[in-house]
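Content type mmCIF, C-alpha atoms, from the file coords_38.cif:
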data_final
#
loop_
_atom_site.label_atom_id
_atom_site.label_comp_id
_atom_site.auth_asym_id
_atom_site.auth_seq_id
_atom_site.Cartn_x
_atom_site.Cartn_y
_atom_site.Cartn_z
CA MET A 783 -25.44 19.50 -20.17
CA ASN A 784 -23.03 19.76 -23.06
CA ARG A 785 -22.91 23.51 -23.15
CA LYS A 786 -20.09 25.37 -21.55
CA PRO A 787 -20.79 27.36 -18.41
CA THR A 788 -21.53 30.98 -19.09
CA PHE A 789 -19.03 33.48 -17.84
CA PRO A 790 -20.10 34.22 -14.29
CA ALA A 791 -22.15 37.19 -13.30
CA LEU A 792 -19.40 37.91 -10.80
CA VAL A 793 -17.12 38.92 -13.60
CA VAL A 794 -19.80 41.08 -15.18
CA VAL A 795 -20.20 42.69 -11.80
CA ALA A 796 -16.43 42.97 -11.76
CA ALA A 797 -16.28 44.97 -14.94
CA LEU A 798 -18.93 47.28 -13.55
CA GLY A 799 -17.04 47.38 -10.30
CA LEU A 800 -13.80 48.40 -11.90
CA ALA A 801 -15.62 51.16 -13.72
CA LEU A 802 -17.18 52.35 -10.47
CA ALA A 803 -13.88 52.09 -8.65
CA ALA A 804 -12.19 54.13 -11.33
CA ALA A 805 -14.89 56.72 -10.82
CA GLY A 806 -14.23 56.73 -7.08
CA CYS A 807 -17.62 55.26 -6.21
CA GLY A 808 -16.47 52.14 -4.37
CA GLY A 809 -16.98 53.32 -0.82
CA ALA A 810 -15.85 49.96 0.59
CA GLU A 811 -13.01 48.63 2.71
CA PRO A 812 -9.51 49.18 1.29
CA GLN A 813 -9.41 45.98 -0.76
CA THR A 814 -6.29 47.13 -2.55
CA GLN A 815 -4.39 46.24 0.62
CA ILE A 816 -5.10 42.62 -0.26
CA THR A 817 -2.35 41.28 -2.46
CA TYR A 818 -2.55 38.43 -4.94
CA PRO A 819 -1.79 35.16 -3.13
CA GLU A 820 1.50 34.17 -4.72
CA GLY A 821 2.37 30.58 -3.95
CA TYR A 822 -1.17 29.49 -3.02
CA ARG A 823 -0.86 26.46 -5.31
CA ASN A 824 1.45 25.01 -2.72
CA TRP A 825 -0.94 25.59 0.17
CA ALA A 826 -3.09 22.82 1.61
CA HIS A 827 -6.05 21.85 -0.57
CA VAL A 828 -9.19 22.00 1.55
CA LYS A 829 -11.98 20.76 -0.72
CA SER A 830 -13.46 20.96 -4.21
CA MET A 831 -16.92 21.10 -5.75
CA VAL A 832 -18.40 21.18 -9.23
CA ILE A 833 -21.43 23.40 -9.78
CA HIS A 834 -22.62 22.12 -13.14
CA ASP A 835 -26.38 22.69 -13.31
CA PRO A 836 -27.62 26.11 -14.46
CA ALA A 837 -30.49 25.67 -11.99
CA HIS A 838 -28.07 25.77 -9.06
CA PRO A 839 -28.51 29.08 -7.21
CA LEU A 840 -24.78 29.79 -7.40
CA TYR A 841 -24.32 28.68 -10.99
CA GLU A 842 -24.25 32.16 -12.47
CA ALA A 843 -21.53 33.32 -10.11
CA PHE A 844 -19.66 30.08 -9.45
CA GLY A 845 -20.50 27.60 -12.21
CA GLY A 846 -17.47 25.40 -12.81
CA ILE A 847 -15.08 23.46 -10.61
CA HIS A 848 -13.71 25.26 -7.61
CA HIS A 849 -10.91 24.37 -5.24
CA VAL A 850 -10.41 25.89 -1.81
CA TYR A 851 -6.90 26.34 -0.40
CA VAL A 852 -5.75 27.58 3.00
CA ASN A 853 -2.38 29.05 3.89
CA PRO A 854 -0.27 27.58 6.72
CA ARG A 855 -1.34 30.40 9.05
CA GLY A 856 -5.01 29.43 8.79
CA ALA A 857 -4.64 25.67 8.48
CA GLU A 858 -4.48 24.87 12.19
CA THR A 859 -7.78 26.57 13.01
CA LEU A 860 -9.45 24.92 10.03
CA ARG A 861 -8.25 21.47 11.09
CA ARG A 862 -9.42 22.08 14.63
CA GLY A 863 -12.85 23.05 13.25
CA SER A 864 -13.50 25.74 15.81
CA GLY A 865 -12.09 28.96 17.13
CA THR A 866 -11.13 32.27 15.60
CA TYR A 867 -8.64 32.46 12.77
CA PRO A 868 -5.49 34.43 13.52
CA ASP A 869 -4.68 37.55 11.55
CA GLY A 870 -2.86 36.59 8.37
CA SER A 871 -5.02 33.54 7.68
CA VAL A 872 -5.91 33.33 4.00
CA PHE A 873 -8.35 31.20 2.03
CA VAL A 874 -8.29 31.01 -1.75
CA PHE A 875 -11.33 30.01 -3.82
CA ASP A 876 -9.96 28.99 -7.22
CA LEU A 877 -12.73 28.72 -9.82
CA LEU A 878 -12.01 27.00 -13.12
CA GLU A 879 -14.28 26.10 -15.98
CA ALA A 880 -15.62 22.55 -15.70
CA ASN A 881 -15.44 21.14 -19.20
CA LEU A 882 -17.30 18.01 -20.18
CA ASP A 883 -14.98 15.40 -21.66
CA GLY A 884 -16.55 12.06 -22.50
CA GLY A 885 -18.49 11.57 -19.29
CA ALA A 886 -16.21 13.48 -16.96
CA TYR A 887 -15.76 17.05 -15.81
CA VAL A 888 -12.20 18.22 -16.32
CA GLU A 889 -10.54 21.47 -15.35
CA GLY A 890 -10.57 24.30 -17.89
CA ASP A 891 -9.44 27.90 -17.83
CA ARG A 892 -9.49 29.91 -14.64
CA LYS A 893 -12.63 32.02 -14.29
CA VAL A 894 -11.86 33.85 -11.10
CA LEU A 895 -9.59 33.56 -8.08
CA ALA A 896 -11.25 34.84 -4.92
CA MET A 897 -9.72 35.15 -1.49
CA MET A 898 -10.47 36.09 2.07
CA VAL A 899 -7.78 37.48 4.36
CA LYS A 900 -8.11 37.72 8.12
CA ASN A 901 -7.30 41.05 9.74
CA ALA A 902 -9.65 41.62 12.63
CA GLY A 903 -8.70 45.26 13.07
CA ARG A 904 -8.83 46.28 9.45
CA TYR A 905 -11.96 44.42 8.38
CA GLY A 906 -14.14 44.65 11.46
CA SER A 907 -17.26 45.44 9.47
CA THR A 908 -17.01 42.19 7.50
CA GLY A 909 -16.34 39.73 10.28
CA GLY A 910 -12.64 40.47 10.42
CA TRP A 911 -12.11 39.22 6.86
CA GLY A 912 -11.13 41.20 3.82
CA PHE A 913 -12.35 39.91 0.47
CA GLU A 914 -10.94 40.30 -3.00
CA ALA A 915 -11.18 38.47 -6.31
CA PHE A 916 -9.18 38.53 -9.52
CA ALA A 917 -10.89 37.90 -12.85
CA GLY A 918 -9.17 35.10 -14.74
CA GLY A 919 -6.66 34.88 -11.91
CA ASP A 920 -5.04 38.04 -13.24
CA PRO A 921 -3.53 40.06 -10.36
CA ALA A 922 -4.33 43.23 -12.28
CA GLN A 923 -8.06 42.50 -12.65
CA ARG A 924 -9.60 43.17 -9.26
CA VAL A 925 -13.26 42.28 -8.93
CA VAL A 926 -14.65 43.18 -5.52
CA VAL A 927 -16.30 46.57 -5.20
CA ASP A 928 -18.18 46.26 -1.93
CA ALA A 929 -16.93 43.37 0.20
CA ALA A 930 -19.96 43.51 2.52
CA LYS A 931 -22.46 43.21 -0.30
CA ASP A 932 -20.48 41.13 -2.80
CA CYS A 933 -18.97 38.64 -0.36
CA PHE A 934 -19.67 38.91 3.34
CA ASN A 935 -23.47 38.78 3.09
CA CYS A 936 -23.20 35.12 2.08
CA HIS A 937 -20.59 34.33 4.74
CA ALA A 938 -22.37 36.05 7.62
CA PRO A 939 -24.48 33.04 8.69
CA GLN A 940 -21.26 31.02 9.23
CA GLN A 941 -20.37 32.97 12.37
CA ALA A 942 -19.89 29.74 14.36
CA THR A 943 -16.89 28.85 12.18
CA ASP A 944 -15.57 32.41 11.98
CA TYR A 945 -17.39 32.92 8.66
CA VAL A 946 -15.63 30.06 6.89
CA PHE A 947 -17.80 27.64 4.90
CA SER A 948 -15.27 24.86 4.35
CA GLY A 949 -14.50 22.09 6.76
CA TRP A 950 -11.30 20.08 6.71
CA ARG A 951 -11.56 16.75 4.91
CA LYS A 952 -9.19 14.23 6.37
CA MET B 852 -27.82 10.95 -12.87
CA ASN B 853 -29.19 10.91 -9.38
CA ARG B 854 -27.90 7.49 -8.47
CA LYS B 855 -24.78 7.05 -6.45
CA PRO B 856 -21.70 5.66 -8.15
CA THR B 857 -21.33 1.95 -7.69
CA PHE B 858 -18.43 0.73 -5.63
CA PRO B 859 -15.55 0.42 -8.05
CA ALA B 860 -14.44 -2.80 -9.61
CA LEU B 861 -11.01 -1.94 -8.28
CA VAL B 862 -12.16 -2.68 -4.78
CA VAL B 863 -13.75 -5.93 -5.82
CA VAL B 864 -10.43 -6.81 -7.40
CA ALA B 865 -8.85 -5.73 -4.15
CA ALA B 866 -10.81 -8.16 -2.06
CA LEU B 867 -9.83 -10.91 -4.44
CA GLY B 868 -6.27 -9.63 -4.37
CA LEU B 869 -6.05 -9.74 -0.61
CA ALA B 870 -7.28 -13.29 -0.68
CA LEU B 871 -4.69 -14.22 -3.28
CA ALA B 872 -1.95 -12.40 -1.42
CA ALA B 873 -2.87 -14.22 1.76
CA ALA B 874 -2.52 -17.43 -0.20
CA GLY B 875 0.92 -16.35 -1.42
CA CYS B 876 -0.17 -16.09 -5.05
CA GLY B 877 0.67 -12.43 -5.67
CA GLY B 878 3.88 -12.89 -7.59
CA ALA B 879 4.32 -9.14 -8.01
CA GLU B 880 6.76 -6.47 -6.84
CA PRO B 881 7.02 -6.07 -3.06
CA GLN B 882 4.21 -3.55 -2.71
CA THR B 883 4.27 -3.88 1.04
CA GLN B 884 7.39 -1.74 0.99
CA ILE B 885 5.11 1.13 0.00
CA THR B 886 3.82 2.81 3.12
CA TYR B 887 0.64 4.82 3.51
CA PRO B 888 1.35 8.46 2.61
CA GLU B 889 0.91 10.16 5.96
CA GLY B 890 0.63 13.91 5.57
CA TYR B 891 -0.29 13.87 1.89
CA ARG B 892 -3.18 16.25 2.54
CA ASN B 893 -0.57 18.95 3.01
CA TRP B 894 1.19 18.20 -0.27
CA ALA B 895 0.63 20.28 -3.38
CA HIS B 896 -2.70 19.68 -5.09
CA VAL B 897 -2.05 18.92 -8.74
CA LYS B 898 -5.49 18.59 -10.33
CA SER B 899 -8.99 17.17 -9.91
CA MET B 900 -11.57 15.51 -12.11
CA VAL B 901 -15.10 14.18 -11.73
CA ILE B 902 -15.96 10.98 -13.59
CA HIS B 903 -19.74 11.00 -13.31
CA ASP B 904 -21.12 9.17 -16.33
CA PRO B 905 -21.40 5.37 -16.12
CA ALA B 906 -20.55 5.31 -19.84
CA HIS B 907 -17.08 6.69 -19.12
CA PRO B 908 -14.52 3.90 -19.67
CA LEU B 909 -12.99 4.51 -16.23
CA TYR B 910 -16.29 4.91 -14.38
CA GLU B 911 -16.31 1.44 -12.87
CA ALA B 912 -12.85 1.82 -11.40
CA PHE B 913 -12.68 5.56 -10.81
CA GLY B 914 -16.23 6.96 -10.77
CA GLY B 915 -16.35 9.89 -8.35
CA ILE B 916 -14.21 12.94 -7.76
CA HIS B 917 -10.49 12.42 -7.61
CA HIS B 918 -7.71 14.70 -6.52
CA VAL B 919 -4.06 14.22 -7.37
CA TYR B 920 -1.33 15.33 -4.94
CA VAL B 921 2.45 15.33 -5.29
CA ASN B 922 5.03 15.32 -2.52
CA PRO B 923 7.74 18.00 -2.36
CA ARG B 924 10.29 15.57 -3.76
CA GLY B 925 8.32 15.12 -6.98
CA ALA B 926 6.91 18.62 -7.32
CA GLU B 927 9.86 20.21 -9.11
CA THR B 928 9.88 17.69 -11.96
CA LEU B 929 6.14 17.97 -12.35
CA ARG B 930 6.31 21.77 -12.56
CA ARG B 931 9.10 21.56 -15.10
CA GLY B 932 6.93 19.22 -17.18
CA SER B 933 9.80 17.05 -18.37
CA GLY B 934 12.59 14.87 -17.10
CA THR B 935 12.80 11.87 -14.84
CA TYR B 936 11.38 11.95 -11.32
CA PRO B 937 13.92 11.40 -8.56
CA ASP B 938 13.63 8.40 -6.27
CA GLY B 939 11.27 9.23 -3.43
CA SER B 940 8.79 11.12 -5.59
CA VAL B 941 5.23 10.22 -4.67
CA PHE B 942 1.89 10.90 -6.29
CA VAL B 943 -1.41 10.29 -4.51
CA PHE B 944 -4.70 9.72 -6.34
CA ASP B 945 -7.42 10.39 -3.78
CA LEU B 946 -10.81 9.11 -4.98
CA LEU B 947 -13.97 10.24 -3.18
CA GLU B 948 -17.59 9.66 -3.98
CA ALA B 949 -19.09 12.51 -6.02
CA ASN B 950 -22.50 13.11 -4.52
CA LEU B 951 -25.15 15.14 -6.31
CA ASP B 952 -26.42 17.99 -4.19
CA GLY B 953 -28.89 20.34 -5.84
CA GLY B 954 -27.07 20.78 -9.13
CA ALA B 955 -23.54 20.32 -7.86
CA TYR B 956 -21.15 17.46 -7.26
CA VAL B 957 -19.80 17.50 -3.73
CA GLU B 958 -17.23 15.33 -2.07
CA GLY B 959 -18.42 12.19 -0.29
CA ASP B 960 -16.70 9.30 1.42
CA ARG B 961 -13.29 8.13 0.30
CA LYS B 962 -13.47 5.18 -2.10
CA VAL B 963 -9.82 4.47 -2.54
CA LEU B 964 -6.46 6.15 -2.08
CA ALA B 965 -3.94 5.09 -4.72
CA MET B 966 -0.31 6.08 -4.95
CA MET B 967 2.77 5.71 -7.09
CA VAL B 968 6.25 5.86 -5.57
CA LYS B 969 9.43 6.32 -7.55
CA ASN B 970 12.29 3.93 -6.92
CA ALA B 971 14.06 3.20 -10.18
CA GLY B 972 16.05 0.31 -8.79
CA ARG B 973 13.27 -1.43 -6.96
CA TYR B 974 10.49 -1.05 -9.53
CA GLY B 975 12.36 -1.33 -12.81
CA SER B 976 9.74 -3.60 -14.36
CA THR B 977 7.03 -0.96 -13.94
CA GLY B 978 8.81 2.12 -15.20
CA GLY B 979 10.60 2.75 -11.92
CA TRP B 980 7.35 3.32 -10.08
CA GLY B 981 5.79 1.20 -7.37
CA PHE B 982 2.01 1.23 -7.11
CA GLU B 983 -0.28 0.62 -4.19
CA ALA B 984 -3.85 1.52 -3.23
CA PHE B 985 -5.82 1.45 0.00
CA ALA B 986 -9.55 0.73 -0.03
CA GLY B 987 -11.45 3.49 1.73
CA GLY B 988 -8.14 5.16 2.51
CA ASP B 989 -7.56 2.54 5.20
CA PRO B 990 -3.82 1.84 5.57
CA ALA B 991 -4.69 -1.76 6.46
CA GLN B 992 -6.69 -2.45 3.30
CA ARG B 993 -4.15 -2.87 0.53
CA VAL B 994 -5.59 -3.24 -2.96
CA VAL B 995 -2.90 -3.81 -5.57
CA VAL B 996 -2.08 -7.42 -6.41
CA ASP B 997 -0.10 -7.09 -9.60
CA ALA B 998 1.21 -3.56 -10.17
CA ALA B 999 2.07 -4.24 -13.80
CA LYS B 1000 -1.40 -5.44 -14.68
CA ASP B 1001 -3.49 -3.38 -12.27
CA CYS B 1002 -1.68 -0.05 -12.67
CA PHE B 1003 1.31 0.23 -14.96
CA ASN B 1004 -0.39 -1.01 -18.11
CA CYS B 1005 -2.44 2.19 -18.19
CA HIS B 1006 0.56 4.40 -17.37
CA ALA B 1007 2.96 2.82 -19.89
CA PRO B 1008 2.01 5.07 -22.84
CA GLN B 1009 3.02 8.13 -20.76
CA GLN B 1010 6.72 7.34 -21.06
CA ALA B 1011 7.49 10.88 -22.27
CA THR B 1012 6.46 12.26 -18.88
CA ASP B 1013 8.04 9.42 -16.90
CA TYR B 1014 4.67 7.61 -16.78
CA VAL B 1015 2.83 10.47 -15.06
CA PHE B 1016 -0.53 11.50 -16.49
CA SER B 1017 -1.00 14.78 -14.67
CA GLY B 1018 0.42 18.11 -15.73
CA TRP B 1019 0.90 21.03 -13.39
CA ARG B 1020 -1.89 23.60 -13.47
CA LYS B 1021 -0.60 27.04 -12.65
#
Kindly transcribe the structure held in the file into C-alpha cells.
Amino acid sequence: MNRKPTFPALVVVAALGLALAAAGCGGAEPQTQITYPEGYRNWAHVKSMVIHDPAHPLYEAFGGIHHVYVNPRGAETLRRGSGTYPDGSVFVFDLLEANLDGGAYVEGDRKVLAMMVKNAGRYGSTGGWGFEAFAGGDPAQRVVVDAAKDCFNCHAPQQATDYVFSGWRK
Amino acid sequence: MNRKPTFPALVVVAALGLALAAAGCGGAEPQTQITYPEGYRNWAHVKSMVIHDPAHPLYEAFGGIHHVYVNPRGAETLRRGSGTYPDGSVFVFDLLEANLDGGAYVEGDRKVLAMMVKNAGRYGSTGGWGFEAFAGGDPAQRVVVDAAKDCFNCHAPQQATDYVFSGWRK
C-alpha cells in the first residue's frame, strides 16, 4: 500500500478525448458552455472519501482522496434530501492524490476536478445535468468527451435523488 | 486493517474531565465561554486527512477521517498564509470514523468536534486561542479540561503561523 496511486484512466481518456475533440469527433452535449467553477473552495463541503485499494472498481478513475462541494444554489435541495435541483446548481468533485505519510493519508496534488451543472433544458439527455472535468484542475484541460458515456451512465441509477450520489452529512 | 478505530483516548479523557469539572477541579481557562460552532458546515473546508494506522502517533486520539473548517473571519489570514488571526477567528476539527468499504475509507459517525477560537485577551496563556471539543459533536458533551495541556502543547511549535497547523489548499 506504499505505492502512489497511478494517474487515473480518466485522464488518459481525457488526452484521447481532447484529441478527438480537436478532430471534431466529440458529438456530445456542448460541454464548453460549462465554465470552471471559480470560488468553489468557499462552497459547502458535502463529503469526502479515500479510494486507496487498487482492487476498488473505481480506483483507476478515482483513486485518491476526493471532496464533494455544492454551490449555494444547490445546497438547499441537497440538505432537504429530495426534490429536483434548480437550474444553476453545481457540484464539484475535487480529486487529489492520497499520499501515505506515516500511517495516514494526506492530500497531494490535484488529479482532476470534475463538476456537474444543472440546466434541465440544455442537458435533457443526461438527466438535466451537464458534466465536465479539468485535468489537474487546470481550466484549460477539459476532459469530458461524451457526458452520457463518461459520466451520466454511472449517475443514471440515482434518479430518486435527481442523479446526485452524495447525501448531506450534518 | 478491517477493524474499526477504537474510541479515542481523548473521549476517555473527556469523561474524566467532565467529572473533574463537575468537582470544580478544572483550573483552566473559561472554556465554557466557547460556544458550539453552529453553521460550521457552511464554512470553508480547509483540508482533510485520514489517520488509519494504529501505529500512527495520533491514532488513539484522532484515528478516523478529519476535516478542518475555518469561519469567514479567519479565512483571509489562512489564505494569506502569514500574520496574526483576528479575534473571532474559529477553526473546527471535525473527526469522523473512517470506515472501510470495499477498498475505500468512507465517513462514519462523528467521534469528536474540536475547535479553536481566537481571543488574544482572553486566552493569552494559550497563544491567544481558546480550545474546546464536543464528544460525538454533541454541544452538551464538552471534552477539554485543561486547554494548555490537552490542546495547546501540540500547537505551540506552530508559532510562525499563529499556532495553526493547516495551510490553505487552493
Requested in this report: Can you turn the PyMOL selection byres ((chain B) within 8 of (chain A)) into a concrete residue list for this file, as a VMD selection string?
Outcome: chain B and resid 892 to 896 898 to 907 953 to 958 1021
Query raised in the report: From the set B:Pro937, B:Tyr974, B:Glu983, B:Arg931, which residue has the shortest atom-to-atom contact distance to Ile885 in chain B, counting only C-alpha atoms?
Result: B:Glu983
Query raised in the report: Which residues, written as a ChimeraX atom specification, have at least one atom at most 8 Å from Gly909 in chain A, with only C-alpha atoms counted and residues fewer than 3 positions away on the same chain left out?
Result: /A:902,905-906,934,938,944-945
Report task. Report the distance between CA of Ala984 in chain B and CA of Gly1018 in chain B in Å, rounded to one decimal place. Result ->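 Taking CA of Ala984 in chain B and CA of Gly1018 in chain B, their separation equals 21.2 Å.
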Query - Interatomic distance (Å, one decimal) between CA of Val963 in chain B and CA of Val994 in chain B - result: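 Rounded to one decimal, the two atoms are 8.8 Å apart.
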Report task. Report as a PyMOL selection string the residues that result from applying the PyMOL selection byres ((chain A and resi 819) around 10) to the structure here. Result -> chain A and resi 816-818+820-823+853+872-874+895-897+899+921
Requested in this report: Would you list the contacts of Val1015 in chain B as a ChimeraX atom specification, taking every protein, DNA or RNA residue within 10 Å and counting all atoms listed in the file, but skipping same-chain residues closer than 2 positions in sequence?
Outcome: /B:929,932,936,942,967,980,1006-1013,1017-1018
**Report entry** CA of Ser871 in chain A to CA of Val852 in chain A, straight-line distance in Å
**Finding:** 7.6 Å
**Report entry** For Phe875 in chain A, the nearest of the candidates A:Cys936, A:Val850, A:Ala929, A:Ala843, counting all atoms listed in the file
**Finding:**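 Looking at the shortest contact to Phe875 in chain A, the residue is A:Val850.
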Query raised in the report: With all atoms listed in the file as the basis for distance, which of B:Gly939, B:Ser933, B:Asp945, B:Phe985 is at the shortest distance from Asn970 in chain B?
Result: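 With all atoms listed in the file as the atom set, the closest residue is B:Gly939.
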